[in-house]
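Chemist: Structure supplied as protein_38.csv; contents: CSV, C-alpha atoms.
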```csv
chain,number,residue,atom,x,y,z
A,1,MET,CA,-80.4,-12.6,-83.9
A,2,SER,CA,-76.8,-13.6,-84.1
A,3,LYS,CA,-74.6,-13.8,-81.0
A,4,LEU,CA,-72.4,-11.0,-82.4
A,5,SER,CA,-75.4,-8.7,-82.7
A,6,ARG,CA,-76.5,-9.4,-79.1
A,7,MET,CA,-73.1,-8.3,-77.7
A,8,PRO,CA,-73.3,-4.9,-76.0
A,9,ARG,CA,-71.7,-2.2,-78.1
A,10,ARG,CA,-68.3,-1.2,-76.8
A,11,ARG,CA,-68.4,2.4,-75.5
A,12,SER,CA,-66.3,4.7,-77.6
A,13,TYR,CA,-65.9,8.4,-78.3
A,14,ASP,CA,-66.0,7.5,-82.0
A,15,GLN,CA,-63.3,10.1,-82.7
A,16,TYR,CA,-60.4,9.5,-85.1
A,17,CYS,CA,-58.0,11.0,-82.4
A,18,ALA,CA,-55.2,9.3,-80.6
A,19,ALA,CA,-56.2,10.7,-77.2
A,20,ALA,CA,-59.8,9.7,-77.7
A,21,ARG,CA,-58.7,6.2,-78.7
A,22,ALA,CA,-56.5,6.0,-75.6
A,23,LEU,CA,-59.5,7.0,-73.4
A,24,ASP,CA,-61.6,4.4,-75.1
A,25,ALA,CA,-59.3,1.8,-73.5
A,26,VAL,CA,-58.3,3.4,-70.2
A,27,GLY,CA,-60.8,6.2,-69.5
A,28,ASP,CA,-63.2,4.1,-67.5
A,29,ARG,CA,-63.1,4.6,-63.7
A,30,TRP,CA,-60.5,2.3,-61.9
A,31,THR,CA,-58.7,1.2,-65.1
A,32,LEU,CA,-55.6,3.3,-64.6
A,33,LEU,CA,-55.5,2.4,-60.9
A,34,ILE,CA,-55.5,-1.3,-61.8
A,35,VAL,CA,-52.6,-0.5,-64.1
A,36,ARG,CA,-50.9,1.2,-61.2
A,37,GLU,CA,-51.2,-2.0,-59.1
A,38,LEU,CA,-50.1,-4.3,-61.9
A,39,LEU,CA,-47.0,-2.2,-62.5
A,40,ALA,CA,-45.7,-4.0,-59.4
A,41,GLY,CA,-45.9,-7.3,-61.3
A,42,PRO,CA,-48.4,-10.2,-61.4
A,43,ARG,CA,-51.2,-9.8,-58.8
A,44,ARG,CA,-53.9,-12.1,-57.7
A,45,TYR,CA,-57.5,-10.8,-57.9
A,46,THR,CA,-57.9,-10.8,-54.1
A,47,ASP,CA,-54.7,-8.7,-53.8
A,48,LEU,CA,-55.9,-6.2,-56.4
A,49,HIS,CA,-59.3,-5.9,-54.6
A,50,ALA,CA,-57.5,-5.4,-51.2
A,51,ASP,CA,-55.4,-2.6,-52.6
A,52,LEU,CA,-58.2,-0.8,-54.5
A,53,PRO,CA,-60.5,0.2,-51.6
A,54,GLY,CA,-63.8,1.3,-52.8
A,55,VAL,CA,-64.0,-0.8,-56.0
A,56,SER,CA,-66.8,-3.5,-56.1
A,57,THR,CA,-66.0,-7.0,-57.1
A,58,ASP,CA,-68.2,-6.7,-60.1
A,59,VAL,CA,-66.5,-3.6,-61.4
A,60,LEU,CA,-63.1,-5.0,-60.8
A,61,ALA,CA,-63.9,-8.2,-62.7
A,62,SER,CA,-65.4,-6.1,-65.5
A,63,ARG,CA,-62.4,-3.8,-65.8
A,64,LEU,CA,-60.0,-6.8,-65.8
A,65,LYS,CA,-62.0,-8.4,-68.6
A,66,ASP,CA,-61.9,-5.1,-70.6
A,67,MET,CA,-58.1,-4.9,-70.1
A,68,GLU,CA,-57.7,-8.4,-71.4
A,69,ARG,CA,-59.9,-7.7,-74.4
A,70,ASP,CA,-57.9,-4.5,-75.2
A,71,GLY,CA,-54.5,-6.2,-74.9
A,72,LEU,CA,-53.4,-4.4,-71.7
A,73,ALA,CA,-53.4,-7.4,-69.4
A,74,THR,CA,-53.4,-11.2,-69.4
A,75,ARG,CA,-54.5,-13.8,-66.9
A,76,ARG,CA,-52.4,-16.9,-66.3
A,77,LYS,CA,-52.2,-19.7,-63.8
A,78,LEU,CA,-49.2,-20.1,-61.6
A,79,PRO,CA,-47.4,-23.4,-61.4
A,80,PRO,CA,-47.8,-25.7,-58.3
A,81,PRO,CA,-47.7,-25.4,-55.4
A,82,ALA,CA,-49.3,-21.9,-55.8
A,83,ALA,CA,-51.9,-23.0,-58.5
A,84,ALA,CA,-53.5,-19.6,-58.4
A,85,TYR,CA,-54.4,-17.2,-61.2
A,86,VAL,CA,-52.7,-13.9,-61.5
A,87,TYR,CA,-53.2,-10.9,-63.8
A,88,GLU,CA,-50.2,-9.1,-65.3
A,89,LEU,CA,-49.6,-6.3,-67.8
A,90,THR,CA,-48.7,-6.9,-71.4
A,91,GLU,CA,-46.0,-4.8,-73.0
A,92,ARG,CA,-48.7,-2.4,-74.2
A,93,GLY,CA,-50.0,-2.2,-70.6
A,94,ARG,CA,-46.6,-1.5,-69.2
A,95,GLY,CA,-46.3,1.3,-71.7
A,96,LEU,CA,-48.8,3.3,-69.5
A,97,LEU,CA,-46.1,3.8,-66.9
A,98,PRO,CA,-45.1,7.3,-68.2
A,99,VAL,CA,-48.7,8.2,-68.6
A,100,LEU,CA,-49.4,7.4,-64.9
A,101,GLY,CA,-46.2,9.2,-63.9
A,102,ALA,CA,-47.2,12.3,-65.7
A,103,LEU,CA,-50.7,12.1,-64.3
A,104,ALA,CA,-49.3,11.7,-60.7
A,105,GLU,CA,-47.0,14.7,-61.2
A,106,TRP,CA,-49.9,16.8,-62.3
A,107,GLY,CA,-52.0,15.6,-59.4
A,108,ALA,CA,-49.3,15.9,-56.7
A,109,PRO,CA,-50.4,19.4,-55.5
A,110,ALA,CA,-53.8,18.0,-54.5
A,111,LEU,CA,-52.0,15.8,-51.9
A,112,ARG,CA,-51.0,18.7,-49.8
A,113,GLU,CA,-54.1,18.2,-47.7
A,114,ARG,CA,-54.8,14.7,-46.6
A,115,LEU,CA,-58.5,14.1,-45.9
A,116,PRO,CA,-59.7,12.0,-42.9
A,117,THR,CA,-61.5,9.8,-45.4
A,118,ASP,CA,-58.5,9.1,-47.6
A,119,ALA,CA,-57.3,5.6,-47.8
A,120,VAL,CA,-53.5,5.2,-48.2
A,121,ARG,CA,-51.1,2.5,-49.2
A,122,ALA,CA,-47.4,3.1,-49.0
A,123,HIS,CA,-46.8,1.7,-52.5
A,124,TRP,CA,-49.1,4.4,-54.0
A,125,PHE,CA,-46.1,6.7,-53.8
A,126,ALA,CA,-44.1,4.4,-55.9
A,127,VAL,CA,-44.9,5.6,-59.5
A,128,PRO,CA,-44.5,9.3,-58.8
A,129,LEU,CA,-41.3,8.7,-56.8
A,130,LEU,CA,-39.9,6.4,-59.5
A,131,ARG,CA,-40.5,9.2,-62.0
A,132,ALA,CA,-38.7,11.7,-59.8
A,133,LEU,CA,-35.7,9.5,-59.1
A,134,SER,CA,-35.4,8.4,-62.7
A,135,GLY,CA,-35.4,12.0,-64.0
A,136,PRO,CA,-32.5,14.5,-64.5
A,137,ALA,CA,-32.6,15.4,-60.8
A,138,GLY,CA,-32.3,11.8,-59.8
A,139,PRO,CA,-29.2,9.8,-58.7
A,140,GLN,CA,-28.3,8.8,-62.3
A,141,ALA,CA,-27.5,5.3,-61.0
A,142,GLU,CA,-29.1,1.9,-61.3
A,143,GLY,CA,-30.3,-0.4,-58.6
A,144,VAL,CA,-33.0,-1.2,-56.1
A,145,VAL,CA,-34.2,1.4,-53.6
A,146,GLU,CA,-36.2,0.3,-50.6
A,147,VAL,CA,-38.5,3.1,-49.3
A,148,ARG,CA,-39.6,3.0,-45.6
A,149,LEU,CA,-42.5,5.1,-44.6
A,150,ASP,CA,-44.6,5.1,-41.4
A,151,GLU,CA,-47.4,3.8,-43.7
A,152,GLY,CA,-45.4,0.8,-45.0
A,153,VAL,CA,-42.5,-0.3,-47.1
A,154,PHE,CA,-42.1,-0.6,-50.9
A,155,HIS,CA,-39.2,-0.8,-53.3
A,156,LEU,CA,-38.3,0.7,-56.7
A,157,ARG,CA,-36.1,-0.5,-59.5
A,158,LEU,CA,-34.1,2.3,-61.1
A,159,GLY,CA,-32.7,1.8,-64.5
A,160,ALA,CA,-31.9,-1.8,-65.5
A,161,ALA,CA,-32.0,-3.2,-62.0
A,162,GLY,CA,-32.0,-6.9,-61.6
A,163,PRO,CA,-33.5,-9.3,-59.1
A,164,ALA,CA,-35.1,-7.7,-56.1
A,165,GLY,CA,-36.8,-10.1,-53.7
A,166,GLU,CA,-39.4,-12.7,-54.5
A,167,GLY,CA,-42.2,-12.5,-57.0
A,168,VAL,CA,-45.9,-13.4,-56.3
A,169,ASP,CA,-45.2,-17.0,-57.3
A,170,GLY,CA,-42.4,-17.4,-54.8
A,171,THR,CA,-39.7,-17.3,-57.4
A,172,GLU,CA,-37.1,-14.5,-57.7
A,173,GLY,CA,-38.5,-11.8,-59.9
A,174,VAL,CA,-36.6,-9.6,-62.4
A,175,HIS,CA,-37.1,-6.1,-63.8
A,176,GLY,CA,-39.8,-6.2,-66.5
A,177,SER,CA,-41.5,-9.4,-65.3
A,178,GLU,CA,-41.9,-8.6,-61.6
A,179,GLY,CA,-42.5,-4.9,-62.2
A,180,VAL,CA,-40.9,-1.5,-61.9
A,181,TYR,CA,-41.8,-1.4,-58.2
A,182,GLY,CA,-42.8,-3.9,-55.5
A,183,ASP,CA,-44.9,-3.7,-52.3
A,184,GLY,CA,-42.9,-4.6,-49.2
A,185,PRO,CA,-39.2,-4.9,-48.5
A,186,ALA,CA,-36.7,-5.7,-51.2
A,187,GLY,CA,-34.6,-8.8,-50.9
A,188,ARG,CA,-31.3,-7.2,-51.6
A,189,PRO,CA,-31.7,-3.4,-51.8
A,190,ASP,CA,-28.8,-1.3,-53.0
A,191,ALA,CA,-30.0,1.6,-50.9
A,192,CYS,CA,-32.8,2.4,-48.4
A,193,LEU,CA,-34.6,5.7,-48.0
A,194,VAL,CA,-36.2,6.4,-44.6
A,195,LEU,CA,-38.6,9.3,-44.6
A,196,ASP,CA,-42.2,10.4,-44.0
A,197,ALA,CA,-45.1,10.7,-46.4
A,198,VAL,CA,-44.7,14.5,-46.7
A,199,ALA,CA,-41.1,14.3,-47.7
A,200,CYS,CA,-42.0,11.5,-50.1
A,201,ARG,CA,-44.6,13.7,-51.7
A,202,GLU,CA,-42.2,16.6,-52.0
A,203,LEU,CA,-39.6,14.3,-53.7
A,204,SER,CA,-42.3,13.1,-56.1
A,205,GLU,CA,-43.4,16.6,-57.1
A,206,GLY,CA,-39.8,17.9,-57.4
A,207,SER,CA,-39.8,20.4,-54.6
A,208,LEU,CA,-37.3,18.4,-52.6
A,209,THR,CA,-34.2,16.4,-53.5
A,210,VAL,CA,-32.9,13.4,-51.6
A,211,ALA,CA,-29.6,15.3,-50.9
A,212,ASP,CA,-31.4,18.3,-49.5
A,213,GLY,CA,-33.6,16.0,-47.4
A,214,VAL,CA,-30.5,14.3,-46.0
A,215,ARG,CA,-28.8,17.6,-45.2
A,216,ASP,CA,-32.0,18.9,-43.4
A,217,GLY,CA,-32.4,15.7,-41.4
A,218,ARG,CA,-35.7,14.8,-43.1
A,219,ILE,CA,-34.4,11.7,-45.0
A,220,GLU,CA,-32.0,9.0,-44.1
A,221,VAL,CA,-30.2,7.1,-46.8
A,222,VAL,CA,-28.9,3.7,-45.7
A,223,GLY,CA,-26.2,1.9,-47.7
A,224,ASP,CA,-22.6,2.4,-48.8
A,225,GLY,CA,-22.9,1.4,-52.5
A,226,VAL,CA,-22.9,3.5,-55.7
A,227,LEU,CA,-26.6,4.1,-55.6
A,228,ALA,CA,-26.7,5.1,-51.9
A,229,LYS,CA,-23.8,7.5,-52.4
A,230,ALA,CA,-25.5,9.0,-55.5
A,231,LEU,CA,-28.7,9.5,-53.6
A,232,ARG,CA,-26.8,11.4,-50.9
A,233,GLY,CA,-25.1,13.5,-53.6
A,234,GLU,CA,-21.6,12.2,-52.7
```
Since I need it in another form, could you write the structure as structure tokens?
Modeler:
Amino acid sequence: MSKLSRMPRRRSYDQYCAAARALDAVGDRWTLLIVRELLAGPRRYTDLHADLPGVSTDVLASRLKDMERDGLATRRKLPPPAAAYVYELTERGRGLLPVLGALAEWGAPALRERLPTDAVRAHWFAVPLLRALSGPAGPQAEGVVEVRLDEGVFHLRLGAAGPAGEGVDGTEGVHGSEGVYGDGPAGRPDACLVLDAVACRELSEGSLTVADGVRDGRIEVVGDGVLAKALRGE
């Protein structure tokens, strides 16, 4: 028996349909959540495992291999002194951002009740918030927004934002290579949003605007630049 014939058959819906083909690649459990994490830029395996509570090491490794095979992600070694391997999205993988954004918008109503068993990471709000702030109701300005929640801090890059803090390899990252958002504080934010998780969820689902949140005392916008003023509706 040849080596090729011994390889397990790739699971497929076997349908000549664009949606079915897409689900062949990203329909497995955890795959889209790995994409969510890699939208922040290159990530080490250990970092991915830490921010995907509930995934086993075997499943994570398997999904990453599948994503490499399907051209969604690549693995590369960082230069010294880091000398570690990281995973990052390809252009095709980054193309899943609007898919995740739409999925998050659809799922937002289910967040109105937070269960005691729910894990939470602040940066999990990043993709839906990015979609909301980049839409017609957003500030219509470019730059880096640092978001401060009780659960943690993350930052977003709106429009063609440039450098924002350091990348995983210790070098200054740029939009596209570092990611559309980042976990932790930004190096040089153009504006900061201070709010709670409920207000962040309402911003993400479109039931609250930043300007309304500022007016009602639920959101604080820190900064005097163009982006900060746009967020405040000035």
Chemist: Give as a list in words every residue, naming chains and numbers as the document does, that has an atom within 12 Å of (-54.7, -9.8, -70.8), counting only C-alpha atoms.
Modeler: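 Looking at atoms near the point gives Val35, Leu38, Pro42, Arg63, Leu64, Lys65, Asp66, Met67, Glu68, Arg69, Asp70, Gly71, Leu72, Ala73, Thr74, Arg75, Arg76, Val86, Tyr87, Glu88, Leu89, Thr90, Glu91, Arg92, Gly93 and Arg94 of chain A.
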Chemist: Could you name the residues that touch segment 44-50 of chain A at 12 Å or less, counting all atoms listed in the file, but leaving out those on the same chain fewer than 5 positions away, as a count of residues only?
Modeler: 39
Chemist: Please indicate the distance in Å from atom CA of Phe125 of chain A to atom CA of Ala20 of chain A, rounded to one decimal place.
Modeler: 27.7 Å
Chemist: Could you please determine the separation between atom CA of Arg218 of chain A and atom CA of Leu149 of chain A in Å, to one decimal place?
Modeler: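 According to the coordinates, atom CA of Arg218 of chain A and atom CA of Leu149 of chain A are separated by 11.9 Å.
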Chemist: Please report as a tab-separated table every residue of segment 210-230 of chain A lying within 8 Å of segment 135-146 of chain A, along with the nearest atom pair and their distance in Å (one decimal), using only C-alpha atoms.
Modeler:
```
residue	atom	partner	partner_atom	distance
A:Val226	CA	A:Ala141	CA	7.2
A:Leu227	CA	A:Ala141	CA	5.6
A:Ala230	CA	A:Pro139	CA	5.0
```
Chemist: With all atoms listed in the file as the counted atoms, please give the residues lying no more than 8 Å from Val210 of chain A, apart from itself and same-chain residues fewer than 2 positions off, as a PyMOL selection string.
Modeler: chain A and resi 203+208+212-214+219+231-232
Chemist: Please compute the atom CA of Leu133 of chain A-atom CA of Ala228 of chain A distance, one decimal, in Å.
Modeler: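 Between these atoms lies a distance of 12.3 Å.
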Chemist: What's the 8 Å shell around Phe154 of chain A, counting all atoms listed in the file, without same-chain residues fewer than 3 positions away, as a PyMOL selection string?
Modeler: chain A and resi 122-123+126+146-148+181-186
Chemist: For a quick check of understanding, using only C-alpha atoms, which of A:Gly223, A:Gly206, A:Gly179, A:Pro81 has the smallest distance to Cys192 of chain A?
Modeler: A:Gly223
Chemist: Which residue is closest to Glu113 of chain A? Choose from A:Val26, A:Val221, A:Val127, A:Val198 and count only C-alpha atoms.
Modeler: A:Val198
Chemist: Counting all atoms listed in the file, find the residues whose atoms lie at most 10 Å from (-46.9, 17.0, -53.9) (file coordinates) and write them out as a PyMOL selection string.
Modeler: chain A and resi 104-113+128+197-208
Chemist: Nearest to Leu32 of chain A among A:Gly152, A:Cys17, A:Leu97, A:Ala211, with distances taken over all atoms listed in the file: which residue is it?
Modeler: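 Checking each of A:Gly152, A:Cys17, A:Leu97, A:Ala211 against Leu32 of chain A, counting all atoms listed in the file, the winner is A:Leu97.
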Chemist: May I ask which of the residues A:Leu96, A:Ala132, A:Leu156, A:Val194 is the closest one to Val180 of chain A, counting all atoms listed in the file?
Modeler: A:Leu156
